[in-house]
>>> print(open('query-v1.txt').read())   # compact mmCIF, C-alpha atoms and all ligand atoms
# COMPACT_ATOMS: atom_id res chain seq x y z
CA MET A 1 0.00 0.00 0.00
CA ILE A 2 1.82 3.10 -1.21
CA THR A 3 0.35 6.26 0.21
CA THR A 4 2.76 9.06 -0.68
CA GLY A 5 4.42 8.25 -3.95
CA GLN A 6 7.68 9.51 -2.41
CA LYS A 7 10.47 7.25 -3.58
CA ILE A 8 12.25 5.14 -0.99
CA ALA A 9 15.62 4.11 -2.43
CA THR A 10 16.34 0.45 -1.70
CA GLN A 11 19.79 -1.11 -1.51
CA ARG A 12 19.54 -4.83 -0.90
CA THR A 13 22.13 -6.80 1.02
CA GLN A 14 24.63 -8.84 -1.02
CA ARG A 15 24.46 -11.68 1.49
CA SER A 16 21.35 -12.48 3.49
CA ARG A 17 21.89 -13.82 7.03
CA LEU A 18 18.61 -15.73 6.82
CA PRO A 19 20.08 -19.14 5.78
CA GLU A 20 22.19 -19.24 8.96
CA THR A 21 19.34 -18.07 11.25
CA ASP A 22 17.24 -20.56 13.20
CA LEU A 23 13.85 -18.82 13.10
CA ASP A 24 12.32 -21.55 15.27
CA ASN A 25 14.53 -20.61 18.19
CA VAL A 26 14.85 -16.83 18.21
CA LYS A 27 15.15 -14.99 21.53
CA PHE A 28 13.07 -11.82 21.72
CA GLY A 29 15.02 -8.80 20.46
CA ARG A 30 18.31 -10.62 19.81
CA VAL A 31 18.01 -11.39 16.10
CA PHE A 32 17.75 -8.67 13.45
CA SER A 33 16.51 -8.99 9.88
CA ASP A 34 18.63 -8.09 6.86
CA HIS A 35 17.54 -4.49 6.25
CA MET A 36 16.66 -1.22 7.92
CA PHE A 37 15.00 2.02 6.89
CA VAL A 38 16.93 5.27 7.51
CA MET A 39 16.12 8.92 7.06
CA ASP A 40 17.76 12.12 8.33
CA TYR A 41 16.23 15.36 9.51
CA GLN A 42 18.43 18.31 8.55
CA GLY A 43 17.68 21.93 7.71
CA GLY A 44 14.07 21.59 8.82
CA SER A 45 13.02 18.64 6.64
CA TRP A 46 13.24 14.86 6.37
CA ASN A 47 15.64 13.81 3.61
CA ALA A 48 16.76 10.81 1.60
CA PRO A 49 14.47 8.00 2.84
CA SER A 50 16.16 4.71 2.08
CA ILE A 51 16.24 1.02 2.89
CA VAL A 52 19.78 -0.30 3.35
CA PRO A 53 21.40 -3.44 4.77
CA PHE A 54 21.16 -3.59 8.59
CA ARG A 55 24.44 -2.26 9.91
CA ASP A 56 26.12 -0.52 12.84
CA LEU A 57 25.79 3.22 13.30
CA GLU A 58 28.82 5.41 13.50
CA MET A 59 28.49 8.44 15.75
CA SER A 60 30.52 11.05 17.57
CA PRO A 61 30.85 10.63 21.34
CA ALA A 62 29.34 14.12 21.51
CA THR A 63 26.08 13.04 19.83
CA LEU A 64 23.30 14.68 21.85
CA VAL A 65 21.18 11.60 22.40
CA LEU A 66 24.00 9.86 24.26
CA HIS A 67 23.94 12.57 26.92
CA TYR A 68 20.39 13.81 27.42
CA SER A 69 18.24 10.97 26.03
CA GLN A 70 16.32 12.87 23.41
CA THR A 71 15.05 9.69 21.81
CA ILE A 72 11.68 8.06 21.20
CA PHE A 73 10.58 4.70 19.82
CA GLU A 74 7.66 2.49 18.85
CA GLY A 75 6.93 -1.21 18.70
CA LEU A 76 4.50 -2.89 16.31
CA LYS A 77 4.17 -6.23 14.60
CA ALA A 78 3.67 -7.81 11.18
CA TYR A 79 1.96 -11.21 11.03
CA ARG A 80 1.67 -14.02 8.54
CA THR A 81 -2.05 -14.47 8.05
CA ALA A 82 -4.24 -17.47 7.27
CA ASP A 83 -4.43 -16.64 3.55
CA GLY A 84 -0.63 -16.61 3.25
CA SER A 85 -0.32 -12.83 3.15
CA VAL A 86 1.61 -10.55 5.51
CA LYS A 87 -0.16 -7.78 7.40
CA LEU A 88 0.73 -5.02 9.84
CA PHE A 89 -1.38 -4.60 12.96
CA ARG A 90 -2.69 -1.04 13.41
CA PRO A 91 0.39 0.79 12.10
CA GLN A 92 -1.50 4.10 11.93
CA ALA A 93 -2.01 3.98 15.71
CA ASN A 94 1.73 3.60 16.28
CA ILE A 95 2.50 6.37 13.82
CA ALA A 96 0.11 8.72 15.64
CA ARG A 97 1.60 7.81 19.02
CA MET A 98 5.15 8.32 17.77
CA ASN A 99 4.24 11.79 16.59
CA ARG A 100 2.70 12.58 20.00
CA SER A 101 5.91 11.40 21.64
CA ALA A 102 7.92 13.54 19.20
CA GLU A 103 6.00 16.66 20.16
CA ARG A 104 6.46 16.00 23.88
CA MET A 105 10.19 15.46 23.42
CA CYS A 106 10.68 18.52 21.23
CA MET A 107 11.44 16.46 18.14
CA PRO A 108 10.14 16.80 14.57
CA THR A 109 7.06 14.80 13.66
CA LEU A 110 7.17 12.30 10.83
CA PRO A 111 5.07 12.51 7.65
CA GLU A 112 2.42 9.84 8.26
CA GLY A 113 2.22 8.60 4.67
CA LEU A 114 5.97 8.25 4.33
CA PHE A 115 6.19 6.48 7.70
CA LEU A 116 3.54 3.97 6.60
CA ASP A 117 5.27 3.44 3.24
CA ALA A 118 8.54 2.83 5.05
CA LEU A 119 6.93 0.18 7.28
CA VAL A 120 5.28 -1.56 4.35
CA GLU A 121 8.36 -1.49 2.12
CA LEU A 122 10.73 -2.66 4.85
CA VAL A 123 8.50 -5.57 5.84
CA LYS A 124 8.06 -6.47 2.18
CA VAL A 125 11.84 -6.68 1.72
CA ASP A 126 12.33 -8.84 4.83
CA ARG A 127 9.05 -10.79 4.85
CA GLU A 128 10.87 -14.14 4.73
CA TRP A 129 12.17 -13.34 8.22
CA ILE A 130 8.74 -13.80 9.79
CA PRO A 131 8.85 -17.09 11.67
CA GLN A 132 6.12 -19.70 11.25
CA GLY A 133 3.91 -20.69 14.15
CA GLU A 134 1.32 -19.57 16.64
CA ASP A 135 3.20 -16.96 18.64
CA ALA A 136 5.45 -15.80 15.78
CA ALA A 137 5.63 -12.31 14.30
CA LEU A 138 8.02 -9.74 12.91
CA TYR A 139 8.54 -7.12 15.62
CA ILE A 140 9.12 -3.70 14.11
CA ARG A 141 11.13 -1.08 15.98
CA PRO A 142 10.95 2.50 14.64
CA PHE A 143 13.01 5.01 16.63
CA MET A 144 14.32 8.55 16.37
CA TYR A 145 17.24 10.21 18.10
CA ALA A 146 18.93 13.59 18.43
CA SER A 147 21.96 13.45 16.15
CA ASP A 148 23.69 16.82 16.63
CA GLU A 149 27.28 16.79 17.86
CA TYR A 150 26.92 19.13 20.79
CA ILE A 151 26.85 18.84 24.55
CA GLY A 152 24.85 21.93 25.46
CA VAL A 153 21.36 21.16 26.74
CA LYS A 154 18.99 22.08 23.94
CA PRO A 155 16.79 20.31 21.39
CA SER A 156 18.89 18.94 18.56
CA ASP A 157 18.65 20.49 15.11
CA GLY A 158 19.32 17.17 13.38
CA TYR A 159 17.67 13.78 13.93
CA LYS A 160 17.96 10.27 12.61
CA PHE A 161 14.90 8.07 12.13
CA ILE A 162 15.48 4.35 11.73
CA ILE A 163 13.23 1.31 11.50
CA PHE A 164 14.55 -2.22 11.89
CA THR A 165 12.81 -5.52 12.47
CA CYS A 166 13.30 -8.68 14.51
CA PRO A 167 11.76 -12.12 14.08
CA VAL A 168 10.13 -12.89 17.44
CA ARG A 169 8.08 -15.34 19.41
CA GLY A 170 6.72 -14.71 22.91
CA TYR A 171 8.19 -12.05 25.21
CA TYR A 172 7.37 -13.95 28.40
CA ASN A 173 7.32 -17.72 28.31
CA GLU A 174 5.27 -18.13 31.48
CA PRO A 175 2.57 -16.24 33.42
CA VAL A 176 4.23 -13.39 35.27
CA ARG A 177 4.60 -12.69 38.97
CA VAL A 178 4.23 -8.98 39.68
CA ARG A 179 4.77 -6.78 42.73
CA ILE A 180 3.00 -3.50 43.40
CA GLU A 181 5.71 -0.82 43.68
CA THR A 182 5.06 1.92 46.21
CA GLU A 183 8.49 3.43 46.73
CA TYR A 184 9.86 4.26 43.28
CA SER A 185 7.90 6.02 40.53
CA ARG A 186 7.82 5.71 36.77
CA ALA A 187 5.91 8.93 36.03
CA PHE A 188 4.43 12.12 37.47
CA PRO A 189 1.70 14.49 36.32
CA GLY A 190 3.32 16.83 33.81
CA GLY A 191 6.20 14.43 33.20
CA THR A 192 6.91 12.20 30.22
CA GLY A 193 4.96 9.10 31.31
CA GLU A 194 2.72 9.10 28.26
CA ALA A 195 5.59 9.48 25.78
CA LYS A 196 7.40 6.43 24.50
CA CYS A 197 10.81 7.86 25.26
CA GLY A 198 13.96 6.01 26.23
CA GLY A 199 14.36 7.76 29.58
CA ASN A 200 11.09 6.34 30.93
CA TYR A 201 12.49 2.84 30.52
CA ALA A 202 15.96 3.66 31.85
CA GLY A 203 14.48 5.12 35.03
CA GLY A 204 12.50 1.94 35.64
CA LEU A 205 15.46 -0.42 35.42
CA TYR A 206 16.70 -0.11 38.99
CA PRO A 207 13.38 -0.75 40.77
CA ALA A 208 12.57 -3.51 38.26
CA LYS A 209 15.93 -5.15 38.92
CA MET A 210 15.29 -5.08 42.66
CA GLY A 211 11.96 -6.79 42.01
CA GLN A 212 13.60 -9.35 39.71
CA ASP A 213 16.21 -10.13 42.36
CA ARG A 214 13.28 -11.10 44.61
CA GLY A 215 11.72 -13.33 41.95
CA TYR A 216 9.22 -10.97 40.30
CA HIS A 217 9.06 -10.62 36.54
CA GLN A 218 7.64 -7.09 36.64
CA LEU A 219 6.45 -4.29 38.86
CA ILE A 220 3.04 -2.71 38.83
CA TRP A 221 3.78 1.01 38.97
CA THR A 222 1.64 3.25 41.14
CA ASP A 223 1.08 7.00 40.77
CA GLY A 224 4.09 9.12 41.65
CA LEU A 225 2.26 11.44 44.04
CA THR A 226 0.41 9.14 46.44
CA HIS A 227 1.30 5.57 45.38
CA LYS A 228 -2.36 4.75 45.98
CA TYR A 229 -3.39 4.17 42.37
CA VAL A 230 -2.21 1.56 39.93
CA GLU A 231 -0.73 2.80 36.62
CA GLU A 232 0.91 0.20 34.40
CA SER A 233 3.17 -2.79 34.58
CA GLY A 234 6.76 -2.59 33.32
CA THR A 235 6.47 -2.89 29.56
CA MET A 236 2.68 -3.30 29.46
CA ASN A 237 -0.66 -1.74 30.31
CA VAL A 238 -2.57 -3.70 32.93
CA PHE A 239 -6.11 -5.13 33.15
CA PHE A 240 -8.02 -6.75 36.03
CA ASN A 241 -11.15 -8.87 35.84
CA ILE A 242 -13.01 -8.04 39.02
CA ASP A 243 -16.33 -9.87 39.33
CA GLY A 244 -16.62 -10.09 35.53
CA THR A 245 -15.88 -6.40 34.86
CA LEU A 246 -12.68 -5.57 32.98
CA VAL A 247 -11.03 -2.73 34.85
CA THR A 248 -7.99 -0.77 33.65
CA PRO A 249 -6.39 2.54 34.69
CA GLY A 250 -7.62 5.48 32.61
CA LEU A 251 -5.28 7.51 30.40
CA ASP A 252 -4.39 10.47 32.57
CA GLY A 253 -1.12 11.58 30.96
CA THR A 254 1.16 9.37 33.03
CA ILE A 255 0.28 6.07 31.35
CA LEU A 256 1.36 4.84 27.92
CA ARG A 257 -1.48 4.91 25.38
CA GLY A 258 -1.17 1.25 24.51
CA VAL A 259 -2.36 0.11 21.09
CA THR A 260 -2.96 -3.38 22.46
CA ARG A 261 -4.76 -1.79 25.41
CA ASP A 262 -7.05 0.11 23.07
CA SER A 263 -7.70 -3.00 20.96
CA ILE A 264 -8.61 -5.08 24.00
CA ILE A 265 -11.05 -2.46 25.26
CA ARG A 266 -12.72 -2.29 21.85
CA ILE A 267 -13.01 -6.05 21.50
CA ALA A 268 -14.21 -6.57 25.06
CA LYS A 269 -16.95 -3.97 24.68
CA ASP A 270 -18.06 -5.55 21.40
CA GLU A 271 -18.15 -8.95 23.12
CA GLY A 272 -20.60 -7.48 25.64
CA ILE A 273 -18.08 -7.33 28.47
CA ARG A 274 -18.38 -4.43 30.89
CA VAL A 275 -15.20 -2.33 30.70
CA GLU A 276 -14.21 0.43 33.12
CA GLU A 277 -11.35 2.85 32.35
CA ARG A 278 -10.83 4.80 35.55
CA GLN A 279 -8.62 5.30 38.57
CA VAL A 280 -7.90 1.89 40.08
CA SER A 281 -6.75 1.97 43.67
CA VAL A 282 -4.21 -0.41 45.12
CA GLU A 283 -6.69 -1.07 47.92
CA GLU A 284 -9.36 -2.18 45.45
CA ILE A 285 -6.92 -4.61 43.83
CA VAL A 286 -5.75 -6.02 47.13
CA VAL A 287 -9.26 -6.43 48.55
CA ALA A 288 -10.55 -8.08 45.35
CA ALA A 289 -7.58 -10.45 45.23
CA ARG A 290 -7.89 -11.27 48.92
CA ASN A 291 -11.63 -11.98 48.66
CA GLY A 292 -11.29 -14.14 45.52
CA ARG A 293 -13.16 -11.59 43.40
CA MET A 294 -10.20 -11.04 41.09
CA ARG A 295 -10.82 -13.63 38.41
CA SER A 296 -7.77 -12.72 36.37
CA ALA A 297 -5.25 -10.00 35.63
CA PHE A 298 -3.04 -9.52 32.61
CA GLY A 299 -0.60 -7.14 31.00
CA ALA A 300 -1.15 -5.96 27.44
CA GLY A 301 1.52 -4.70 25.05
CA THR A 302 2.85 -5.20 21.55
CA ALA A 303 5.83 -7.26 22.62
CA ALA A 304 4.06 -9.13 25.40
CA THR A 305 0.63 -9.31 23.64
CA ILE A 306 -1.45 -10.66 26.55
CA ALA A 307 0.74 -11.68 29.46
CA HIS A 308 -1.26 -13.46 32.15
CA ILE A 309 -0.43 -12.39 35.68
CA ALA A 310 0.08 -15.44 37.89
CA SER A 311 0.27 -13.57 41.18
CA ILE A 312 0.24 -10.07 42.61
CA THR A 313 2.31 -9.16 45.65
CA PHE A 314 1.61 -6.16 47.84
CA GLY A 315 3.88 -5.68 50.83
CA ASP A 316 4.32 -9.12 52.37
CA GLU A 317 1.17 -10.61 50.88
CA GLU A 318 1.21 -12.57 47.60
CA PHE A 319 -2.13 -13.29 45.94
CA THR A 320 -2.19 -16.19 43.53
CA LEU A 321 -4.79 -15.73 40.80
CA PRO A 322 -6.88 -18.49 39.17
CA GLU A 323 -5.36 -21.00 36.73
CA ILE A 324 -5.02 -19.75 33.15
CA ALA A 325 -7.56 -22.31 31.86
CA GLN A 326 -10.21 -20.79 34.17
CA ARG A 327 -9.70 -17.25 32.88
CA GLU A 328 -12.66 -17.20 30.57
CA LEU A 329 -12.85 -13.45 29.91
CA ALA A 330 -9.12 -12.88 29.35
CA ASN A 331 -8.85 -15.97 27.15
CA LYS A 332 -11.86 -14.97 25.06
CA VAL A 333 -10.63 -11.43 24.41
CA GLY A 334 -7.07 -12.64 23.77
CA GLN A 335 -8.26 -15.29 21.33
CA ARG A 336 -10.40 -12.80 19.42
CA LEU A 337 -7.49 -10.36 19.14
CA ASP A 338 -5.21 -13.12 17.96
CA ASP A 339 -7.75 -14.37 15.42
CA ILE A 340 -8.04 -10.89 13.92
CA ARG A 341 -4.27 -10.47 13.73
CA ARG A 342 -3.76 -13.86 12.13
CA GLY A 343 -6.64 -13.48 9.70
CA ASN A 344 -8.61 -16.42 11.12
CA VAL A 345 -11.73 -14.23 11.23
CA THR A 346 -12.78 -11.15 9.31
CA ASP A 347 -11.34 -7.94 10.69
CA PRO A 348 -14.36 -5.76 11.52
CA TYR A 349 -12.19 -2.82 12.57
CA ALA A 350 -9.99 -2.54 9.46
CA TRP A 351 -6.98 -2.84 11.75
CA MET A 352 -4.87 -5.00 9.47
CA VAL A 353 -2.83 -3.33 6.73
CA PRO A 354 -1.61 -5.58 3.90
CA VAL A 355 2.06 -5.49 3.03
CA ALA A 356 1.80 -6.87 -0.47
C1 LIG B 1 6.42 -3.02 23.09
O1 LIG B 1 5.61 -3.74 23.66
O2 LIG B 1 6.46 -2.92 21.87
C2 LIG B 1 7.37 -2.24 23.84
O3 LIG B 1 7.77 -1.24 23.35
C3 LIG B 1 7.87 -2.77 25.09
C4 LIG B 1 9.30 -3.00 24.98
C5 LIG B 1 10.07 -2.16 25.85
C6 LIG B 1 9.75 -4.34 24.68
>>> encode(input="query-v1.txt", output="structure tokens")
Amino acid sequence: MITTGQKIATQRTQRSRLPETDLDNVKFGRVFSDHMFVMDYQGGSWNAPSIVPFRDLEMSPATLVLHYSQTIFEGLKAYRTADGSVKLFRPQANIARMNRSAERMCMPTLPEGLFLDALVELVKVDREWIPQGEDAALYIRPFMYASDEYIGVKPSDGYKFIIFTCPVRGYYNEPVRVRIETEYSRAFPGGTGEAKCGGNYAGGLYPAKMGQDRGYHQLIWTDGLTHKYVEESGTMNVFFNIDGTLVTPGLDGTILRGVTRDSIIRIAKDEGIRVEERQVSVEEIVVAARNGRMRSAFGAGTAATIAHIASITFGDEEFTLPEIAQRELANKVGQRLDDIRRGNVTDPYAWMVPVA
């Protein structure tokens, strides 16, 4: 689907790495396909969009991004579908979110049509890298960084925008144990919580590592002011099934506007499930889990898709949630989402964008 007519120059690799790659056994984010899309922002405009062989970047130690983290990214996926075609899942939503992040981080926005063309063309070139199988996809990582050589604190004048792809399977290979974090914060009102910027993730590493050292896969972040309200979980938005109602924190500026989150809400509502997007207190979660009213909880994200939460810990109490097989609501919504992405059912939302 070409939407701009702007020419993307393509230089194919002389030697594909695909024959020596075991697509059945890829680790998430460790294997990279043959090509990448690159484009530079200089003199107030985006120039020379091209697809080139995946290769290392060369940069000055004074490159701005290395010092002050003016960088943003996205994550989306391409799937092999039942009819043998390849499709992107909701790329326009990721493009819109990247441009919101760009504005928040004082970076130039990207022309939407060109961005979509770049995604389509890149996936077309490397479509053979998509693994076969149920949990397989091509994970697509667009990112932009400040490329000026300068160490004063100011927005860069120049930027580089790159997209590369990775063949992937699941992000988590088991239901996750999470702990509600009430000491450290991921975001504050007025901060960058809603932007998909590198710094948000860097700041979360230390508390997450402390949780991992105690056997938890992820934290559930709480609000930075009072630590009384749940926000999101590590790399995912978070959902709770309390007494048959799907409850998730509302988008208040400190939470990532998840595309998977949005898709789940849409599907659940259309399946007749009651959905509440609102403030969710830690107390409500703890009481529901303690009284057996929490029928399931899961994280939702592009990389993780739906990651079932096995247990939630608050303070010294760990609440084990029902077996996965008993999680009727989460399984139903997850299955429907998966069926749409894999083309097993018709796509009533026009979410899927064909690559060829
Ligand atoms: C995604 O789900 O695409 C993300 O960006 C999370 C990531 C940090 C792996």
>>> residues_near_ligand(input="query-v1.txt", ligand="ligand LIG 1 (chain B)", cutoff="9 Å", atoms="all atoms listed in the file", output="PyMOL selection string")
chain A and resi 28-29+73-77+139-141+171+196+201+234-236+258+260+300-305
>>> atom_distance(input="query-v1.txt", atom1="CA of Thr313 (chain A)", atom2="CA of Glu277 (chain A)")
22.5 Å
>>> residues_around(input="query-v1.txt", residues="Arg97 (chain A)", least_positions_apart="2", cutoff="10 Å", atoms="only C-alpha atoms", output="PyMOL selection string")
chain A and resi 73-74+91-95+99-103+194-196+256-259
>>> closest_residue(input="query-v1.txt", among="A:Tyr145, A:Phe54, A:Phe188, A:Trp129", to="Cys106 (chain A)", atoms="all atoms listed in the file")
A:Tyr145
>>> residues_around(input="query-v1.txt", residues="Gln326 (chain A)", least_positions_apart="3", cutoff="12 Å", atoms="all atoms listed in the file", output="ChimeraX atom specification")
/A:294-297,308,321-323,329-332
>>> residues_around(input="query-v1.txt", residues="region 61-70 of chain A", least_positions_apart="2", cutoff="8 Å", atoms="all atoms listed in the file", output="number ranges by chain")
A: 59, 72, 105, 145-151, 153, 155-156, 197-199
>>> write_last_selection(input="query-v1.txt", atoms="C-alpha atoms", output="compact mmCIF listing (two decimals), in the coordinates of the input")
# COMPACT_ATOMS: atom_id res chain seq x y z
CA MET A 59 28.49 8.44 15.75
CA ILE A 72 11.68 8.06 21.20
CA MET A 105 10.19 15.46 23.42
CA TYR A 145 17.24 10.21 18.10
CA ALA A 146 18.93 13.59 18.43
CA SER A 147 21.96 13.45 16.15
CA ASP A 148 23.69 16.82 16.63
CA GLU A 149 27.28 16.79 17.86
CA TYR A 150 26.92 19.13 20.79
CA ILE A 151 26.85 18.84 24.55
CA VAL A 153 21.36 21.16 26.74
CA PRO A 155 16.79 20.31 21.39
CA SER A 156 18.89 18.94 18.56
CA CYS A 197 10.81 7.86 25.26
CA GLY A 198 13.96 6.01 26.23
CA GLY A 199 14.36 7.76 29.58
>>> atom_distance(input="query-v1.txt", atom1="CA of Glu232 (chain A)", atom2="CA of Glu271 (chain A)")
24.0 Å
>>> residues_around(input="query-v1.txt", residues="Trp221 (chain A)", least_positions_apart="5", cutoff="10 Å", atoms="all atoms listed in the file", output="PyMOL selection string")
chain A and resi 179-187+204+207-208+227+229-234+238+255
>>> write_last_selection(input="query-v1.txt", atoms="C-alpha atoms", output="short mmCIF file (atom, residue, chain, number, x, y, z; two decimals), in the coordinates of the input")
data_model
loop_
_atom_site.label_atom_id
_atom_site.label_comp_id
_atom_site.auth_asym_id
_atom_site.auth_seq_id
_atom_site.Cartn_x
_atom_site.Cartn_y
_atom_site.Cartn_z
CA ARG A 179 4.77 -6.78 42.73
CA ILE A 180 3.00 -3.50 43.40
CA GLU A 181 5.71 -0.82 43.68
CA THR A 182 5.06 1.92 46.21
CA GLU A 183 8.49 3.43 46.73
CA TYR A 184 9.86 4.26 43.28
CA SER A 185 7.90 6.02 40.53
CA ARG A 186 7.82 5.71 36.77
CA ALA A 187 5.91 8.93 36.03
CA GLY A 204 12.50 1.94 35.64
CA PRO A 207 13.38 -0.75 40.77
CA ALA A 208 12.57 -3.51 38.26
CA HIS A 227 1.30 5.57 45.38
CA TYR A 229 -3.39 4.17 42.37
CA VAL A 230 -2.21 1.56 39.93
CA GLU A 231 -0.73 2.80 36.62
CA GLU A 232 0.91 0.20 34.40
CA SER A 233 3.17 -2.79 34.58
CA GLY A 234 6.76 -2.59 33.32
CA VAL A 238 -2.57 -3.70 32.93
CA ILE A 255 0.28 6.07 31.35
#
>>> axis_aligned_box(input="query-v1.txt", around="region 323-331 of chain A", padding_each_side="3 Å", output="JSON")
{"center_x": -8.9, "center_y": -17.6, "center_z": 31.9, "size_x": 13.8, "size_y": 15.4, "size_z": 15.6}
